[in-house]
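Peer 1: Take a look at the following structure, please.
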Amino acid sequence: MTWFFIALGAPFLWALVNISDKYLVDKYSTGHHGSGGLVLFSSLIGIIVSGLIAIFVSGVWSISILDKILLIFAGFLTIIWFITYLYTLEIEEISAVVPWFLMIPIFGYILGYFILGETLTTHQLIGSAITMLGVFFISIDFVGEKRRIKIKPALYMIFSSMMVAVVGVIFKFVTIEGNFWVSSFWEYLGMGIVGIFIFLFIPKFRKEFMYMNKKGGIKIFILNIVSESVSTIAHFLTNFAILLAPVTMVYLVGSFQPAILLFLTIIGTKFFPHIVEESLHHKVLIPKAIAIIIIIAGSIFLFI
């Protein structure tokens, strides 16, 4: 169960990052799909992380060319899912966005089964199904006369979740008999390479990056550095846990993230509305609370 406690640290850290992302998108983006500044911050941090790993870890160049390509590709996919996640934050409340990441275990199970040969017991499959029921329940819009699933956010987040699962499976496939830090070096180098490419060849993202820095100044720089550092630690925790347990089981631990996030957003709305603001109407909160209870119940069922 050591892997469980390692993986459990990630949901809390990512909940904090989610709030930071929403704040930055709302306050410093340039408008519709204007979060290119955050994308560049997140990708360029890969250069710093990979550089630090190279300084303190020996043998980062010793893996095969194929493994290097796969891990760099994983870094590329990390930026892709982050872009679609930020797009969703621009059109949806954060507490309705994050639960969609619980689609990751479904894709993780499918990929883990076919690529890594991982399987789950009947007991674990039932727990997973309960968790997924909660995910779909939280995606329903209960405000207004008609109940409807918000299609656009759903499609964005399903795609993001699939990319996250692919990244996790690639990392485990390469690293299961290798060195964790060496694989991390190449994955973050891939993110950094994508960041450089975006900065040089995608003017829209470069403009938004410059706008965010100009508008926010040192404040935005420090907040981004702190946020990306916390995100990096959470990413390391998840990747390390993936090496110790089936991919889908590790991602299911993330089912606690929506509950943590809902609690933090309620506190933030009450006391720090300038940072995060969510609807506290009972028609919004009660369905979310029920969905989160279902999600947690499914997770607990996995381990009893």
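How things are named: the first chain in the structure tokens is A, the next is B, and so on; residues count from 1 in each chain; ligands count from 1 in the order shown.
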According to DSSP computed on the backbone, where in region 132-233 of chain A is there strand (DSSP E)? Give the residues as a PyMOL selection string.
Peer 2: chain A and resi 140-141+148-149
Peer 1: Output C-alpha atoms for every residue in the selection just made, as a PDB file, in the first residue's frame.
Peer 2:
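Once written, out_32.pdb looks like this:
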```pdb
ATOM      1  CA  ILE A 140     -24.766  17.074 -15.676  1.00  0.00           C
ATOM      2  CA  ASP A 141     -26.032  20.656 -15.564  1.00  0.00           C
ATOM      3  CA  ARG A 148     -28.179  18.375 -19.891  1.00  0.00           C
ATOM      4  CA  ILE A 149     -24.607  17.241 -20.238  1.00  0.00           C
TER       5      ILE A 149
END
```
Peer 1: Out of region 93-237 of chain A, which residues get helix (DSSP H, G or I) from DSSP, as JSON, numbers by chain?
Peer 2: {"A": [94, 95, 96, 97, 98, 99, 100, 101, 102, 103, 104, 105, 106, 107, 108, 109, 110, 111, 112, 113, 114, 115, 116, 122, 123, 124, 125, 126, 127, 128, 129, 130, 131, 132, 133, 134, 135, 136, 137, 138, 151, 152, 153, 154, 155, 156, 157, 158, 159, 160, 161, 162, 163, 164, 165, 166, 167, 168, 169, 170, 171, 172, 173, 174, 175, 180, 181, 182, 183, 184, 185, 186, 187, 188, 189, 190, 191, 192, 193, 194, 195, 196, 197, 198, 199, 200, 201, 203, 204, 205, 206, 207, 208, 209, 210, 211, 212, 213, 214, 215, 216, 217, 218, 219, 220, 221, 222, 223, 224, 225, 226, 227, 228, 229, 230, 231, 232, 233, 234, 235, 236, 237]}
Peer 1: Mind writing the picked residues with C-alpha atoms as a CSV table (one decimal), in the first residue's frame?
Peer 2:
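Okay, again.csv is ready:
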```csv
chain,number,residue,atom,x,y,z
A,94,ILE,CA,-13.3,24.5,-12.0
A,95,SER,CA,-15.3,22.1,-9.8
A,96,ALA,CA,-17.1,20.8,-12.8
A,97,VAL,CA,-13.9,20.5,-14.9
A,98,VAL,CA,-11.6,18.5,-12.6
A,99,PRO,CA,-13.8,15.5,-12.0
A,100,TRP,CA,-13.6,14.7,-15.7
A,101,PHE,CA,-10.0,13.7,-15.1
A,102,LEU,CA,-11.5,10.6,-13.4
A,103,MET,CA,-12.0,9.3,-17.0
A,104,ILE,CA,-8.2,8.8,-16.9
A,105,PRO,CA,-8.5,5.4,-15.1
A,106,ILE,CA,-10.7,4.1,-17.9
A,107,PHE,CA,-8.2,4.9,-20.5
A,108,GLY,CA,-5.4,3.8,-18.2
A,109,TYR,CA,-7.1,0.4,-17.7
A,110,ILE,CA,-7.5,-0.2,-21.5
A,111,LEU,CA,-4.0,0.9,-22.3
A,112,GLY,CA,-2.5,-0.9,-19.3
A,113,TYR,CA,-4.2,-4.1,-20.3
A,114,PHE,CA,-3.1,-4.2,-23.9
A,115,ILE,CA,0.3,-2.6,-23.5
A,116,LEU,CA,1.5,-3.5,-20.0
A,122,THR,CA,-13.8,-8.1,-10.4
A,123,HIS,CA,-13.9,-6.2,-7.1
A,124,GLN,CA,-11.7,-3.5,-8.5
A,125,LEU,CA,-13.8,-3.3,-11.7
A,126,ILE,CA,-16.9,-2.7,-9.6
A,127,GLY,CA,-15.2,0.0,-7.6
A,128,SER,CA,-14.1,1.6,-10.9
A,129,ALA,CA,-17.6,1.5,-12.3
A,130,ILE,CA,-19.0,3.2,-9.2
A,131,THR,CA,-16.3,5.9,-9.5
A,132,MET,CA,-17.2,6.5,-13.1
A,133,LEU,CA,-20.9,6.8,-12.3
A,134,GLY,CA,-20.0,9.8,-10.0
A,135,VAL,CA,-17.9,11.4,-12.8
A,136,PHE,CA,-20.9,11.3,-15.2
A,137,PHE,CA,-23.3,12.6,-12.6
A,138,ILE,CA,-21.1,15.6,-11.8
A,151,ILE,CA,-20.9,18.5,-24.6
A,152,LYS,CA,-18.0,20.9,-25.3
A,153,PRO,CA,-16.4,20.7,-21.9
A,154,ALA,CA,-17.0,17.0,-21.9
A,155,LEU,CA,-15.2,16.4,-25.2
A,156,TYR,CA,-12.3,18.6,-24.2
A,157,MET,CA,-11.8,16.8,-20.9
A,158,ILE,CA,-12.3,13.3,-22.3
A,159,PHE,CA,-9.5,14.0,-24.8
A,160,SER,CA,-7.3,15.5,-22.0
A,161,SER,CA,-7.9,12.4,-19.9
A,162,MET,CA,-7.0,10.1,-22.7
A,163,MET,CA,-3.7,12.0,-23.3
A,164,VAL,CA,-2.8,11.8,-19.5
A,165,ALA,CA,-3.4,8.1,-19.6
A,166,VAL,CA,-1.2,7.6,-22.7
A,167,VAL,CA,1.6,9.7,-21.0
A,168,GLY,CA,1.4,7.5,-17.8
A,169,VAL,CA,1.5,4.2,-19.8
A,170,ILE,CA,4.5,5.4,-21.9
A,171,PHE,CA,6.4,6.4,-18.8
A,172,LYS,CA,5.8,3.1,-17.1
A,173,PHE,CA,6.5,1.1,-20.3
A,174,VAL,CA,9.9,2.8,-20.6
A,175,THR,CA,10.8,3.0,-16.9
A,180,PHE,CA,12.9,7.0,-12.7
A,181,TRP,CA,15.0,10.2,-12.9
A,182,VAL,CA,16.5,9.4,-16.3
A,183,SER,CA,13.0,8.9,-17.7
A,184,SER,CA,11.8,12.1,-16.0
A,185,PHE,CA,14.7,14.0,-17.6
A,186,TRP,CA,13.6,13.0,-21.1
A,187,GLU,CA,9.9,13.6,-20.5
A,188,TYR,CA,10.5,17.2,-19.2
A,189,LEU,CA,13.0,17.8,-21.9
A,190,GLY,CA,10.2,17.0,-24.4
A,191,MET,CA,8.0,19.5,-22.7
A,192,GLY,CA,10.7,22.1,-22.9
A,193,ILE,CA,11.3,21.4,-26.6
A,194,VAL,CA,7.6,21.9,-27.3
A,195,GLY,CA,7.7,25.2,-25.3
A,196,ILE,CA,10.6,26.5,-27.4
A,197,PHE,CA,8.8,25.5,-30.6
A,198,ILE,CA,5.6,27.2,-29.4
A,199,PHE,CA,7.4,30.4,-28.5
A,200,LEU,CA,9.2,30.6,-31.8
A,201,PHE,CA,6.5,29.5,-34.2
A,203,PRO,CA,2.7,34.0,-32.5
A,204,LYS,CA,-0.7,33.9,-30.7
A,205,PHE,CA,0.8,31.9,-27.7
A,206,ARG,CA,3.9,34.1,-27.7
A,207,LYS,CA,1.8,37.3,-27.6
A,208,GLU,CA,-0.4,35.9,-24.8
A,209,PHE,CA,2.8,34.9,-22.9
A,210,MET,CA,4.2,38.5,-23.2
A,211,TYR,CA,0.8,40.0,-22.3
A,212,MET,CA,0.5,37.9,-19.1
A,213,ASN,CA,4.0,38.9,-18.0
A,214,LYS,CA,3.5,42.5,-18.8
A,215,LYS,CA,0.1,42.7,-17.0
A,216,GLY,CA,1.1,40.6,-14.0
A,217,GLY,CA,4.7,41.6,-13.6
A,218,ILE,CA,6.7,39.9,-10.9
A,219,LYS,CA,3.5,38.7,-9.2
A,220,ILE,CA,2.5,36.6,-12.1
A,221,PHE,CA,6.1,35.3,-12.5
A,222,ILE,CA,6.3,34.1,-8.9
A,223,LEU,CA,2.8,32.6,-8.9
A,224,ASN,CA,3.6,30.6,-12.0
A,225,ILE,CA,6.9,29.4,-10.6
A,226,VAL,CA,5.3,28.3,-7.4
A,227,SER,CA,2.3,26.7,-9.3
A,228,GLU,CA,4.6,24.8,-11.7
A,229,SER,CA,6.9,23.6,-8.9
A,230,VAL,CA,3.9,22.2,-7.0
A,231,SER,CA,2.6,20.6,-10.3
A,232,THR,CA,6.0,19.1,-10.9
A,233,ILE,CA,6.1,17.5,-7.4
A,234,ALA,CA,2.6,16.1,-8.0
A,235,HIS,CA,3.7,14.7,-11.4
A,236,PHE,CA,6.7,13.0,-9.8
A,237,LEU,CA,4.6,11.4,-7.1
```
Peer 1: Please measure the separation of CA of Lys22 (chain A) and CA of Thr88 (chain A), giving the value in Å to one decimal.
Peer 2: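 CA of Thr88 (chain A) lies at a distance of 10.0 Å from CA of Lys22 (chain A).
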Peer 1: Determine, counting only C-alpha atoms, which protein, DNA and RNA residues have an atom within 10 Å of an atom of Val276 (chain A); residues of the same chain fewer than 4 positions away are not included. Present the result as a PyMOL selection string.
Peer 2: chain A and resi 19-20+22-23+26+93-94+264-272
Peer 1: For CA of Val250 (chain A) and CA of Glu118 (chain A), determine how far apart the two atoms are, in Å to one decimal place.
Peer 2: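 Result for CA of Val250 (chain A) versus CA of Glu118 (chain A): 12.4 Å, one decimal.
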Peer 1: For Asn239 (chain A), which of A:Ile176, A:Leu16, A:Ile286, A:Val39 is the closest residue, counting only C-alpha atoms?
Peer 2: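 For Asn239 (chain A), the nearest of the given residues is A:Ile176.
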Peer 1: When you count only C-alpha atoms, which of these residues is closest to Ser64 (chain A): A:Pro246, A:Pro273, A:Gly178, A:Pro258?
Peer 2: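 With only C-alpha atoms as the atom set, the closest residue is A:Gly178.
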